[in-house]
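Okay, structure first, notes after.
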Amino acid sequence: MTEDGLPRGTTGWRGSITERGTTMRSYYGRPIVKEPVWQAEIPLYFFTGGIAGASSMLHGLARVTRNDPLAKTALYVGAAADLVSPLLLISDLGRPERFLNMFRMFKVTSPMSVGSWILGISGSASNTAAALELLGVLRPVKWAAELVSCVTGPPLATYTGALVANTAIPVWSEARDELPWLFGASATASAGAAAAMFTPLEAAGPARRAAIGGVVAELGLMQAMERKLGFVGEVYRTGEAGRFKKITKACTLAGAGLLAWKGRRSRAAAATGGALVLAGELALRWSVFKAGFQSARDPRYTVLPQRERVAKRVAAQSD
């Protein structure tokens, strides 16, 4: 064995010196892990799925507090997002039957399997409730559908974070504890912003607070996640991921500020502020998506965290 732990006589391995002074090796200069095969539909699905899930929760809150205008808006926004989400997944998969095959079994240890069932149940419930609300019929059935939609809303808003964290992509797997919370905060901000755009000003207070609170929580979680990631988190400051992150920060702060400043008194301010927050949240999903590709391309992000964990275990055992 060599000092690097490689078998003696190994051929085809090429090394390079990183800025951390560590020799990195990969076979013929290739990445150690494969880049994701997902297409552009997936970050869009992350966005619409988040809106759908958080809108179901906002709808439930509005029903409990008897805020009917907000409840109807959140219901229709969530149902629309639930209609779009499966279409995005089917488009990425290429053939509709591949999406249907996801329902052939339920595997609790698979985020993909669990998420598919959550999407199917939540989407069916929210669209049933929205249709019955629009037609004004079968109120008991509508209430039951609303309850199912509200219960499945939180997992729908967050499971995509667990899904990406359950991969071998370094910047995703190393943030497995933060990504579901980050996606949940982003979903809350998105749903609140969308509802604030279409709800009468006097009834939109909870939606505005959800948008503003979601933005604050999201930016704090993003900062904490990057700090925990250490050098792996540098992908969020470079390339496409870095550009989308800048758009996220600029749009969400501007939108939340406008909602807080004039959102209660001005329809134009509520619509503009909500649109800015939505643009920022969409950019966040793209930033996380692109960060995965960037971290998969560079062997440093795979090997160095592994070496650091091994070093910590050896140090702990020696103590």
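Scheme for the structure tokens: letters A, B, ... for chains in order shown; per-chain residue numbers from 1; ligand numbers from 1 in order shown.
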Quiz item: Can you list, as a ChimeraX atom specification, every protein, DNA or RNA residue that comes within 7 Å of Glu218 (chain A) when you count only C-alpha atoms, leaving out same-chain residues fewer than 5 positions away?
Solution: /A:182,185-186
Exercise. Excluding Met197 (chain A) and any residue of its chain fewer than 3 positions from it, enumerate the residues within 8 Å of it, using only C-alpha atoms, and give them as a VMD selection string.
Key: chain A and resid 193 to 194 267 270 to 272 274 to 275
Practice problem: Extract, using only C-alpha atoms, all DNA, RNA and protein residues at most 9 Å from Gly120 (chain A), discarding same-chain residues fewer than 4 positions from it, and format them as a PyMOL selection string. | Solution: chain A and resi 82+86+103+115-116+124-125
Export N, CA and C atoms of the chosen residues as an mmCIF file, in the first residue's frame?
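Saved as out-v5.cif:
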data_model
loop_
_atom_site.group_PDB
_atom_site.id
_atom_site.type_symbol
_atom_site.label_atom_id
_atom_site.label_comp_id
_atom_site.auth_asym_id
_atom_site.auth_seq_id
_atom_site.Cartn_x
_atom_site.Cartn_y
_atom_site.Cartn_z
ATOM 1 N N ASP A 82 -50.318 21.580 -6.982
ATOM 2 C CA ASP A 82 -50.409 20.119 -6.962
ATOM 3 C C ASP A 82 -50.718 19.540 -8.337
ATOM 4 N N PRO A 86 -46.979 16.831 -10.606
ATOM 5 C CA PRO A 86 -46.817 15.534 -11.284
ATOM 6 C C PRO A 86 -46.423 15.681 -12.748
ATOM 7 N N PHE A 103 -45.925 3.898 -7.654
ATOM 8 C CA PHE A 103 -46.978 3.543 -6.705
ATOM 9 C C PHE A 103 -47.198 2.030 -6.621
ATOM 10 N N GLY A 115 -42.117 10.015 -0.849
ATOM 11 C CA GLY A 115 -42.492 11.279 -1.464
ATOM 12 C C GLY A 115 -43.520 11.110 -2.562
ATOM 13 N N SER A 116 -43.403 10.045 -3.350
ATOM 14 C CA SER A 116 -44.373 9.809 -4.419
ATOM 15 C C SER A 116 -45.771 9.599 -3.841
ATOM 16 N N SER A 124 -54.268 14.653 -4.648
ATOM 17 C CA SER A 124 -55.651 14.210 -4.834
ATOM 18 C C SER A 124 -56.586 14.896 -3.841
ATOM 19 N N ALA A 125 -56.138 15.015 -2.583
ATOM 20 C CA ALA A 125 -56.979 15.631 -1.561
ATOM 21 C C ALA A 125 -57.190 17.120 -1.826
#
Practice problem: Looking only at strand (DSSP E) from DSSP on the backbone, list the matching residues of region 15-192 of chain A as number ranges by chain. | Solution: A: 15-17, 23-27
Quiz item: Residues at most 10 Å from Leu278 (chain A), counting only C-alpha atoms, excluding those fewer than 5 positions away in the same chain, as a PyMOL selection string?
Solution: chain A and resi 47+51+186-187+189-194+211+248+251-252+255+272-273+283-284
Practice problem: From region 178-287 of chain A, collect each residue whose DSSP state is alpha helix (DSSP H) and return the set as a PyMOL selection string. | Solution: chain A and resi 179-198+205-229+239-262+267-287
Practice problem: Kindly give the distance, in Å, that separates CA of Arg237 (chain A) and CA of Val288 (chain A), rounded to a single decimal. | Solution: 11.4 Å
Practice problem: Would you mind listing what lies within 12 Å of region 166-172 of chain A as a PyMOL selection string, with only C-alpha atoms counted and same-chain residues fewer than 4 positions away left out? | Solution: chain A and resi 31-37+109-112+159-162+176-180+182+225-226+228-236+241+287-306
Practice problem: Show which residues sit within 7 Å of Ser56 (chain A), as number ranges by chain. Count only C-alpha atoms, and ignore same-chain residues fewer than 5 positions away. | Solution: A: 74-75, 78, 149-150, 153
Can you write out the residues you just picked, keeping C-alpha atoms, as a PDB file, in the first residue's frame?
ATOM      1  CA  ALA A  74     -54.495  29.125  -0.199  1.00  0.00           C
ATOM      2  CA  LEU A  75     -56.663  26.178  -1.252  1.00  0.00           C
ATOM      3  CA  GLY A  78     -52.091  24.730  -3.422  1.00  0.00           C
ATOM      4  CA  SER A 149     -54.360  17.817   2.517  1.00  0.00           C
ATOM      5  CA  CYS A 150     -53.421  19.710   5.674  1.00  0.00           C
ATOM      6  CA  GLY A 153     -48.769  19.316   3.684  1.00  0.00           C
TER       7      GLY A 153
END
